[in-house]
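The file my_file.cif contains mmCIF, C-alpha atoms and all ligand atoms:
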```cif
data_data
loop_
_atom_site.group_PDB
_atom_site.id
_atom_site.type_symbol
_atom_site.label_atom_id
_atom_site.label_comp_id
_atom_site.auth_asym_id
_atom_site.auth_seq_id
_atom_site.Cartn_x
_atom_site.Cartn_y
_atom_site.Cartn_z
ATOM 1 C CA MET S 4 0.000 0.000 0.000
ATOM 2 C CA ASP S 5 1.363 3.449 -0.789
ATOM 3 C CA SER S 6 1.823 5.947 2.004
ATOM 4 C CA THR S 7 -0.990 8.277 0.921
ATOM 5 C CA ALA S 8 -3.514 5.418 0.807
ATOM 6 C CA PHE S 9 -2.329 4.219 4.235
ATOM 7 C CA TRP S 10 -2.910 7.634 5.891
ATOM 8 C CA ASP S 11 -6.140 8.321 4.001
ATOM 9 C CA GLY S 12 -7.439 4.940 5.169
ATOM 10 C CA ARG S 13 -6.424 5.605 8.747
ATOM 11 C CA ALA S 14 -8.104 9.013 8.773
ATOM 12 C CA ARG S 15 -11.269 7.545 7.242
ATOM 13 C CA LYS S 16 -11.387 4.785 9.849
ATOM 14 C CA LEU S 17 -10.340 6.732 12.953
ATOM 15 C CA GLY S 18 -11.087 10.386 12.121
ATOM 16 C CA HIS S 19 -7.432 11.196 12.913
ATOM 17 C CA THR S 20 -3.938 9.861 12.172
ATOM 18 C CA GLY S 21 -2.796 8.907 15.675
ATOM 19 C CA TRP S 22 -2.850 5.746 17.799
ATOM 20 C CA ALA S 23 -5.603 3.311 16.857
ATOM 21 C CA ASP S 24 -6.468 2.768 20.537
ATOM 22 C CA PHE S 25 -8.668 5.786 21.311
ATOM 23 C CA ALA S 26 -7.800 6.161 25.016
ATOM 24 C CA THR S 27 -4.088 6.041 24.141
ATOM 25 C CA TYR S 28 -4.586 8.552 21.334
ATOM 26 C CA CYS S 29 -6.479 11.015 23.567
ATOM 27 C CA TYR S 30 -3.913 10.955 26.353
ATOM 28 C CA ASP S 31 -0.844 10.892 24.111
ATOM 29 C CA GLN S 32 -2.085 13.782 21.968
ATOM 30 C CA CYS S 33 -2.732 15.875 25.124
ATOM 31 C CA LEU S 34 0.850 15.255 26.312
ATOM 32 C CA ARG S 35 2.326 16.015 22.896
ATOM 33 C CA LEU S 36 0.358 19.239 22.578
ATOM 34 C CA LYS S 37 1.454 20.281 26.046
ATOM 35 C CA ALA S 38 5.128 19.568 25.249
ATOM 36 C CA ILE S 39 5.101 21.416 21.909
ATOM 37 C CA ASP S 40 3.171 24.325 23.427
ATOM 38 C CA LYS S 41 5.863 24.626 26.116
ATOM 39 C CA VAL S 42 8.696 24.421 23.585
ATOM 40 C CA LEU S 43 7.093 27.122 21.414
ATOM 41 C CA LYS S 44 6.492 29.398 24.430
ATOM 42 C CA ASP S 45 10.084 28.868 25.611
ATOM 43 C CA GLN S 46 11.343 30.359 22.330
ATOM 44 C CA LYS S 47 9.743 33.715 23.273
ATOM 45 C CA ARG S 48 9.445 34.538 19.570
ATOM 46 C CA HIS S 49 6.695 35.587 17.225
ATOM 47 C CA PHE S 50 7.112 34.025 13.805
ATOM 48 C CA ARG S 51 6.165 35.468 10.434
ATOM 49 C CA CYS S 52 5.588 32.255 8.535
ATOM 50 C CA ALA S 53 5.404 28.745 9.984
ATOM 51 C CA LEU S 54 5.180 25.333 8.346
ATOM 52 C CA ASP S 55 3.444 22.374 9.979
ATOM 53 C CA PHE S 56 4.887 19.492 7.975
ATOM 54 C CA GLY S 57 2.681 16.371 8.077
ATOM 55 C CA CYS S 58 -0.026 18.326 9.890
ATOM 56 C CA GLY S 59 -2.504 15.457 10.249
ATOM 57 C CA THR S 60 -5.871 16.822 11.331
ATOM 58 C CA GLY S 61 -4.293 20.083 12.428
ATOM 59 C CA ASP S 62 -3.929 19.985 16.220
ATOM 60 C CA PHE S 63 -0.388 21.367 16.124
ATOM 61 C CA SER S 64 -1.140 23.882 13.350
ATOM 62 C CA ARG S 65 -3.399 25.614 15.854
ATOM 63 C CA LEU S 66 -0.547 25.896 18.343
ATOM 64 C CA LEU S 67 1.658 27.417 15.647
ATOM 65 C CA ALA S 68 -1.085 29.908 14.752
ATOM 66 C CA ARG S 69 -0.886 31.326 18.287
ATOM 67 C CA CYS S 70 2.684 32.497 17.724
ATOM 68 C CA SER S 71 2.816 33.056 13.932
ATOM 69 C CA ASP S 72 1.298 35.442 11.378
ATOM 70 C CA PHE S 73 0.767 32.657 8.827
ATOM 71 C CA VAL S 74 0.802 28.887 9.072
ATOM 72 C CA ILE S 75 1.062 26.611 6.066
ATOM 73 C CA ALA S 76 -0.082 23.159 7.147
ATOM 74 C CA VAL S 77 0.685 20.357 4.680
ATOM 75 C CA ASP S 78 -0.012 16.655 4.534
ATOM 76 C CA ILE S 79 0.298 14.062 1.779
ATOM 77 C CA ALA S 80 -3.111 12.555 2.467
ATOM 78 C CA GLU S 81 -6.179 14.179 0.912
ATOM 79 C CA GLU S 82 -8.699 12.808 3.439
ATOM 80 C CA VAL S 83 -6.511 14.056 6.299
ATOM 81 C CA ILE S 84 -6.483 17.567 4.818
ATOM 82 C CA ARG S 85 -10.246 17.400 4.264
ATOM 83 C CA ILE S 86 -10.820 16.594 7.954
ATOM 84 C CA ALA S 87 -8.351 19.291 9.054
ATOM 85 C CA ARG S 88 -10.220 21.886 6.991
ATOM 86 C CA THR S 89 -13.514 21.021 8.681
ATOM 87 C CA ARG S 90 -11.853 21.584 12.074
ATOM 88 C CA LYS S 91 -10.040 24.781 11.114
ATOM 89 C CA MET S 92 -10.179 27.413 13.841
ATOM 90 C CA SER S 93 -7.713 30.134 12.890
ATOM 91 C CA SER S 94 -7.796 32.151 9.667
ATOM 92 C CA ALA S 95 -3.981 32.264 9.855
ATOM 93 C CA ILE S 96 -3.801 28.571 8.853
ATOM 94 C CA THR S 97 -3.855 27.319 5.261
ATOM 95 C CA PHE S 98 -4.272 23.551 5.010
ATOM 96 C CA THR S 99 -3.012 22.176 1.753
ATOM 97 C CA ARG S 100 -2.014 18.897 0.169
ATOM 98 C CA PHE S 101 1.775 18.462 0.280
ATOM 99 C CA SER S 102 3.734 19.208 -2.863
ATOM 100 C CA SER S 103 7.431 20.015 -2.997
ATOM 101 C CA ASP S 104 6.536 23.592 -4.136
ATOM 102 C CA VAL S 105 5.824 24.354 -0.487
ATOM 103 C CA PHE S 106 9.592 24.529 0.028
ATOM 104 C CA GLU S 107 9.788 27.473 -2.390
ATOM 105 C CA ASN S 108 8.484 29.544 0.556
ATOM 106 C CA THR S 109 10.731 30.541 3.413
ATOM 107 C CA PHE S 110 9.823 29.809 7.022
ATOM 108 C CA ASP S 111 10.865 31.104 10.428
ATOM 109 C CA VAL S 112 9.813 27.862 12.016
ATOM 110 C CA ILE S 113 9.061 24.357 10.788
ATOM 111 C CA LEU S 114 7.283 21.950 13.104
ATOM 112 C CA SER S 115 6.935 18.270 12.386
ATOM 113 C CA VAL S 116 5.342 15.878 14.845
ATOM 114 C CA THR S 117 5.909 12.164 14.194
ATOM 115 C CA VAL S 118 6.192 12.432 10.409
ATOM 116 C CA LEU S 119 9.816 11.771 9.384
ATOM 117 C CA GLN S 120 9.625 8.321 11.041
ATOM 118 C CA HIS S 121 6.828 7.532 8.583
ATOM 119 C CA ILE S 122 8.804 8.445 5.463
ATOM 120 C CA VAL S 123 10.106 5.000 4.656
ATOM 121 C CA ASP S 124 11.916 5.810 1.415
ATOM 122 C CA GLU S 125 15.488 6.813 2.267
ATOM 123 C CA LYS S 126 15.912 9.174 -0.711
ATOM 124 C CA GLU S 127 12.634 10.936 0.051
ATOM 125 C CA TRP S 128 13.576 11.222 3.761
ATOM 126 C CA LYS S 129 16.884 12.910 2.857
ATOM 127 C CA MET S 130 15.227 15.168 0.284
ATOM 128 C CA ILE S 131 12.562 16.305 2.777
ATOM 129 C CA ILE S 132 15.118 17.043 5.500
ATOM 130 C CA ASP S 133 17.353 18.994 3.107
ATOM 131 C CA SER S 134 14.368 20.935 1.747
ATOM 132 C CA MET S 135 13.199 21.794 5.262
ATOM 133 C CA VAL S 136 16.606 23.171 6.183
ATOM 134 C CA ASN S 137 17.004 25.051 2.892
ATOM 135 C CA SER S 138 13.608 26.727 3.278
ATOM 136 C CA LEU S 139 14.360 27.991 6.787
ATOM 137 C CA GLU S 140 15.367 31.608 7.236
ATOM 138 C CA GLU S 141 18.634 32.229 9.018
ATOM 139 C CA GLU S 142 17.988 31.772 12.787
ATOM 140 C CA GLY S 143 14.914 29.770 11.772
ATOM 141 C CA LEU S 144 13.855 26.868 13.980
ATOM 142 C CA LEU S 145 13.169 23.231 13.207
ATOM 143 C CA ILE S 146 11.070 21.670 15.972
ATOM 144 C CA LEU S 147 10.516 17.941 15.929
ATOM 145 C CA LEU S 148 8.817 15.285 17.996
ATOM 146 C CA GLU S 149 10.008 11.958 16.621
ATOM 147 C CA THR S 150 10.799 8.397 17.609
ATOM 148 C CA PHE S 151 14.302 7.245 16.714
ATOM 149 C CA GLY S 152 15.844 3.788 16.916
ATOM 150 C CA SER S 153 17.474 1.121 14.826
ATOM 151 C CA MET S 154 14.503 -0.335 12.969
ATOM 152 C CA THR S 155 15.529 -0.219 9.333
ATOM 153 C CA GLU S 156 12.833 -2.510 7.889
ATOM 154 C CA PRO S 157 9.538 -0.605 7.485
ATOM 155 C CA GLN S 158 6.618 -1.793 9.621
ATOM 156 C CA GLU S 159 3.207 -0.120 9.331
ATOM 157 C CA GLU S 160 4.730 2.739 7.295
ATOM 158 C CA THR S 161 7.353 3.329 10.003
ATOM 159 C CA VAL S 162 11.159 3.303 10.007
ATOM 160 C CA LEU S 163 12.949 4.277 13.221
ATOM 161 C CA ARG S 164 16.320 5.683 12.155
ATOM 162 C CA PRO S 165 19.168 6.382 14.577
ATOM 163 C CA LEU S 166 19.119 9.849 16.153
ATOM 164 C CA ASN S 167 22.770 10.437 15.263
ATOM 165 C CA VAL S 168 22.051 9.812 11.555
ATOM 166 C CA PHE S 169 19.417 12.539 11.656
ATOM 167 C CA LEU S 170 21.619 14.932 13.662
ATOM 168 C CA GLU S 171 24.568 14.422 11.297
ATOM 169 C CA ARG S 172 22.377 15.159 8.273
ATOM 170 C CA VAL S 173 20.945 18.401 9.653
ATOM 171 C CA GLY S 174 24.265 19.360 11.302
ATOM 172 C CA SER S 175 26.031 19.157 7.928
ATOM 173 C CA LYS S 176 23.499 21.667 6.592
ATOM 174 C CA GLY S 177 24.158 24.250 9.299
ATOM 175 C CA MET S 178 21.629 23.335 11.985
ATOM 176 C CA THR S 179 22.625 23.605 15.645
ATOM 177 C CA LEU S 180 20.857 21.602 18.331
ATOM 178 C CA LEU S 181 19.383 24.005 20.918
ATOM 179 C CA PHE S 182 17.264 21.609 22.964
ATOM 180 C CA GLN S 183 16.771 17.871 23.269
ATOM 181 C CA SER S 184 14.502 16.015 25.664
ATOM 182 C CA ASN S 185 13.272 12.472 26.031
ATOM 183 C CA PHE S 186 9.539 12.152 25.618
ATOM 184 C CA HIS S 187 6.950 9.648 26.777
ATOM 185 C CA HIS S 188 6.112 6.786 24.403
ATOM 186 C CA PRO S 189 2.864 5.019 25.396
ATOM 187 C CA GLU S 190 4.145 1.550 24.455
ATOM 188 C CA ILE S 191 7.870 1.774 25.180
ATOM 189 C CA VAL S 192 8.366 4.410 27.913
ATOM 190 C CA PRO S 193 4.932 5.382 29.260
ATOM 191 C CA THR S 194 4.663 7.871 32.108
ATOM 192 C CA LYS S 195 3.368 6.505 35.433
ATOM 193 C CA ALA S 196 0.166 8.519 35.090
ATOM 194 C CA PHE S 197 -0.480 7.111 31.616
ATOM 195 C CA ARG S 198 0.031 3.538 32.835
ATOM 196 C CA TRP S 199 -2.457 4.155 35.630
ATOM 197 C CA PHE S 200 -4.907 5.879 33.274
ATOM 198 C CA ARG S 201 -4.815 3.150 30.620
ATOM 199 C CA ARG S 202 -5.254 0.303 33.144
ATOM 200 C CA ALA S 203 -8.052 1.923 35.177
ATOM 201 C CA PHE S 204 -11.343 0.047 34.875
ATOM 202 C CA PRO S 205 -13.540 3.110 34.040
ATOM 203 C CA ILE S 206 -11.150 4.049 31.208
ATOM 204 C CA ARG S 207 -11.178 0.528 29.767
ATOM 205 C CA LEU S 208 -14.961 0.487 30.007
ATOM 206 C CA LEU S 209 -15.347 3.884 28.310
ATOM 207 C CA ASN S 210 -12.908 2.827 25.573
ATOM 208 C CA ARG S 211 -14.929 -0.343 24.940
ATOM 209 C CA VAL S 212 -18.181 1.649 24.783
ATOM 210 C CA TYR S 213 -16.532 4.155 22.417
ATOM 211 C CA GLU S 214 -15.360 1.295 20.163
ATOM 212 C CA GLN S 215 -18.972 0.151 19.999
ATOM 213 C CA GLY S 216 -19.917 3.523 18.527
ATOM 214 C CA SER S 217 -20.709 5.862 21.437
ATOM 215 C CA THR S 218 -19.473 9.390 20.683
ATOM 216 C CA ALA S 219 -20.523 10.415 24.217
ATOM 217 C CA ALA S 220 -18.027 7.885 25.654
ATOM 218 C CA GLY S 221 -15.368 9.365 23.336
ATOM 219 C CA LEU S 222 -16.121 12.848 24.605
ATOM 220 C CA VAL S 223 -15.889 11.744 28.251
ATOM 221 C CA LEU S 224 -12.585 9.974 27.523
ATOM 222 C CA SER S 225 -11.186 13.126 25.879
ATOM 223 C CA ILE S 226 -12.189 15.242 28.866
ATOM 224 C CA ILE S 227 -10.695 12.791 31.400
ATOM 225 C CA SER S 228 -7.480 12.527 29.335
ATOM 226 C CA PHE S 229 -7.174 16.284 29.242
ATOM 227 C CA GLY S 230 -7.756 16.530 33.003
ATOM 228 C CA ILE S 231 -5.269 13.827 34.023
ATOM 229 C CA SER S 232 -2.579 14.788 31.515
ATOM 230 C CA ALA S 233 -2.619 18.298 32.992
ATOM 231 C CA PHE S 234 -0.756 16.768 35.966
ATOM 232 C CA ASP S 235 1.643 14.783 33.780
ATOM 233 C CA ASP S 236 4.723 15.874 31.899
ATOM 234 C CA GLY S 237 5.655 13.930 28.788
ATOM 235 C CA LEU S 238 9.116 15.517 28.806
ATOM 236 C CA MET S 239 11.177 13.121 30.916
ATOM 237 C CA ALA S 240 14.706 12.536 32.208
ATOM 238 C CA LYS S 241 14.351 8.776 31.611
ATOM 239 C CA GLU S 242 15.864 7.534 28.315
ATOM 240 C CA SER S 243 13.242 7.178 25.594
ATOM 241 C CA PRO S 244 13.473 6.617 21.826
ATOM 242 C CA THR S 245 10.982 9.446 21.413
ATOM 243 C CA LYS S 246 12.567 12.879 21.520
ATOM 244 C CA VAL S 247 11.624 16.516 21.296
ATOM 245 C CA LEU S 248 14.302 18.432 19.397
ATOM 246 C CA VAL S 249 14.753 22.123 18.687
ATOM 247 C CA LEU S 250 17.367 23.053 16.096
ATOM 248 C CA LYS S 251 18.369 26.485 14.831
ATOM 249 C CA LYS S 252 19.706 27.383 11.426
ATOM 250 C CA THR S 253 23.000 29.158 11.814
ATOM 251 C CA LYS S 254 25.486 30.346 9.252
ATOM 252 C CA LYS S 255 27.963 27.658 8.307
ATOM 253 C CA ARG S 256 31.580 28.476 9.153
ATOM 254 C CA GLY S 257 33.145 30.475 6.343
ATOM 255 C CA GLU S 258 29.793 31.854 5.122
ATOM 256 C CA SER S 259 29.497 35.613 5.085
HETATM 257 C C1 LIG S 301 1.428 10.105 12.864
HETATM 258 S S1 LIG S 301 0.664 11.280 11.817
HETATM 259 C C2 LIG S 301 1.016 12.793 12.681
HETATM 260 C C3 LIG S 301 0.064 13.905 12.326
HETATM 261 C C4 LIG S 301 0.235 15.200 13.112
HETATM 262 N N1 LIG S 301 1.580 15.742 12.961
HETATM 263 C C5 LIG S 301 -0.085 14.959 14.559
HETATM 264 O O1 LIG S 301 0.854 14.668 15.318
HETATM 265 O O2 LIG S 301 -1.263 15.057 14.939
HETATM 266 C C6 LIG S 301 1.761 11.375 10.434
HETATM 267 C C7 LIG S 301 1.238 12.314 9.342
HETATM 268 O O3 LIG S 301 2.277 12.513 8.381
HETATM 269 C C8 LIG S 301 1.695 12.535 7.088
HETATM 270 N N2 LIG S 301 2.761 12.204 6.130
HETATM 271 C C9 LIG S 301 3.372 11.006 5.965
HETATM 272 N N3 LIG S 301 4.305 11.092 4.992
HETATM 273 C C10 LIG S 301 4.292 12.385 4.549
HETATM 274 C C11 LIG S 301 5.018 13.104 3.547
HETATM 275 N N4 LIG S 301 5.934 12.500 2.781
HETATM 276 N N5 LIG S 301 4.739 14.401 3.358
HETATM 277 C C12 LIG S 301 3.787 15.024 4.095
HETATM 278 N N6 LIG S 301 3.042 14.389 5.056
HETATM 279 C C13 LIG S 301 3.306 13.095 5.292
HETATM 280 C C14 LIG S 301 0.579 11.511 7.170
HETATM 281 O O4 LIG S 301 -0.392 11.686 6.172
HETATM 282 C C15 LIG S 301 0.048 11.743 8.597
HETATM 283 O O5 LIG S 301 -1.005 12.675 8.608
#
```

Write out the structure in this file as structure tokens.
Amino acid sequence: MDSTAFWDGRARKLGHTGWADFATYCYDQCLRLKAIDKVLKDQKRHFRCALDFGCGTGDFSRLLARCSDFVIAVDIAEEVIRIARTRKMSSAITFTRFSSDVFENTFDVILSVTVLQHIVDEKEWKMIIDSMVNSLEEEGLLILLETFGSMTEPQEETVLRPLNVFLERVGSKGMTLLFQSNFHHPEIVPTKAFRWFRRAFPIRLLNRVYEQGSTAAGLVLSIISFGISAFDDGLMAKESPTKVLVLKKTKKRGES
């Protein structure tokens, strides 16, 4: 199956592009949003133009819109973009199907949340990374939430490449690492609160009822996830293959 069909199918089935288990998706997305919100606020910058690369149904585009004049939010999957457009909240965001022309713009910040790990073709992965860096303004930021590893054979449209391979690639193009943190992974390094949440009987019951078609159960699960994750911090000292990275484009030595 090609990548576009995979993500279109997922969006059609789930209404989003995240974890198939709804309780996991709700909680994990709350933690991710909280982490990226914090990272963006920590920059203390207002951006002119931002790119949300692999925007999914647009949750992170909205965060970018709070600190940017314009947000271009792109995704390869048509159904994903269709859903994002129906949920659009800020007039600063333009959702559009990905085409390489997007890199003809210049950006002050590019955000990409769990996308590069889903680009299985090595050549395409390198081309996307190089294009991202080239389209950043000087001092521009590349903010990523990604899972790294040593899984070279694709599984479910995923390849977990080593962190150092990624850092070498962007480093050779003039990017400097400003911030790196381990981040919760619900299957590999879950936070204590998530483990408790996912095992609790009322959560399992609500998830089951949601799977049987109750939107009310889904709403209650979302509210509980939001409430509990407010006391949790996905950014952790413990080693995790999932990382939040902030990189800045600096002049290469010798460049005037
Ligand atoms: C795991 S989802 C993450 C979505 C969103 N960033 C979020 O965290 O809510 C991965 C997204 O990347 C998109 N994607 C995969 N390969 C892509 C590519 N080559 N170019 C643009 N988007 C891509 C998929 O369609 C999917 O929406």

Selection as a count of residues only: residues within 9 Å of ligand LIG 301 (chain S) by only C-alpha atoms and all ligand atoms: 52

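For the file at hand, the PyMOL selection byres (((chain S and resi 111) around 10) and not hetatm) resolves to Arg48, His49, Phe50, Arg51, Cys52, Ala53, Leu54, Ser71, Thr109, Phe110, Val112, Ile113, Ser138, Leu139, Glu140, Glu141, Glu142, Gly143, Leu144, Leu145, Lys251 and Lys252 of chain S.
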
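Distances to Ala26 (chain S) were evaluated for S:Phe73, S:Phe106, S:Phe182, S:Tyr213 using all atoms listed in the file, and the minimum falls at S:Tyr213.
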
Starting from the displayed file, determine the output of the PyMOL selection byres (((chain S and resi 224) around 10) and not hetatm) and express the residue list as an MDAnalysis selection string. chainID S and resid 25:27 29:30 205:207 209:210 213 218:223 225:230

Could you please take those selected residues and save C-alpha atoms as an mmCIF file, in the frame of the given file?
```
data_model
loop_
_atom_site.group_PDB
_atom_site.id
_atom_site.type_symbol
_atom_site.label_atom_id
_atom_site.label_comp_id
_atom_site.auth_asym_id
_atom_site.auth_seq_id
_atom_site.Cartn_x
_atom_site.Cartn_y
_atom_site.Cartn_z
ATOM 1 C CA PHE S 25 -8.668 5.786 21.311
ATOM 2 C CA ALA S 26 -7.800 6.161 25.016
ATOM 3 C CA THR S 27 -4.088 6.041 24.141
ATOM 4 C CA CYS S 29 -6.479 11.015 23.567
ATOM 5 C CA TYR S 30 -3.913 10.955 26.353
ATOM 6 C CA PRO S 205 -13.540 3.110 34.040
ATOM 7 C CA ILE S 206 -11.150 4.049 31.208
ATOM 8 C CA ARG S 207 -11.178 0.528 29.767
ATOM 9 C CA LEU S 209 -15.347 3.884 28.310
ATOM 10 C CA ASN S 210 -12.908 2.827 25.573
ATOM 11 C CA TYR S 213 -16.532 4.155 22.417
ATOM 12 C CA THR S 218 -19.473 9.390 20.683
ATOM 13 C CA ALA S 219 -20.523 10.415 24.217
ATOM 14 C CA ALA S 220 -18.027 7.885 25.654
ATOM 15 C CA GLY S 221 -15.368 9.365 23.336
ATOM 16 C CA LEU S 222 -16.121 12.848 24.605
ATOM 17 C CA VAL S 223 -15.889 11.744 28.251
ATOM 18 C CA SER S 225 -11.186 13.126 25.879
ATOM 19 C CA ILE S 226 -12.189 15.242 28.866
ATOM 20 C CA ILE S 227 -10.695 12.791 31.400
ATOM 21 C CA SER S 228 -7.480 12.527 29.335
ATOM 22 C CA PHE S 229 -7.174 16.284 29.242
ATOM 23 C CA GLY S 230 -7.756 16.530 33.003
#
```

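Between CA of Gln158 (chain S) and CA of Pro244 (chain S) the separation is 16.3 Å.
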
Run the PyMOL selection byres (((chain S and resi 169) around 10) and not hetatm) mentally over the shown coordinates, then write out the matched residues as a short mmCIF file (atom, residue, chain, number, x, y, z; two decimals) with C-alpha atoms, keeping the file's coordinate frame, using the chain letters and numbers from the document.
```cif
data_model
loop_
_atom_site.label_atom_id
_atom_site.label_comp_id
_atom_site.auth_asym_id
_atom_site.auth_seq_id
_atom_site.Cartn_x
_atom_site.Cartn_y
_atom_site.Cartn_z
CA LEU S 119 9.82 11.77 9.38
CA TRP S 128 13.58 11.22 3.76
CA LYS S 129 16.88 12.91 2.86
CA ILE S 132 15.12 17.04 5.50
CA PHE S 151 14.30 7.24 16.71
CA ARG S 164 16.32 5.68 12.16
CA PRO S 165 19.17 6.38 14.58
CA LEU S 166 19.12 9.85 16.15
CA ASN S 167 22.77 10.44 15.26
CA VAL S 168 22.05 9.81 11.56
CA LEU S 170 21.62 14.93 13.66
CA GLU S 171 24.57 14.42 11.30
CA ARG S 172 22.38 15.16 8.27
CA VAL S 173 20.94 18.40 9.65
CA GLY S 174 24.26 19.36 11.30
#
```

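Across the model, the gap from CA of Leu147 (chain S) to CA of Lys246 (chain S) is 7.8 Å.
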
S:Ser93, S:Ser184, S:Ser232, S:Thr194: which is nearest Leu66 (chain S), counting all atoms listed in the file? S:Ser93

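Straight-line separation from CA of Ile39 (chain S) to CA of Arg202 (chain S): 26.1 Å.
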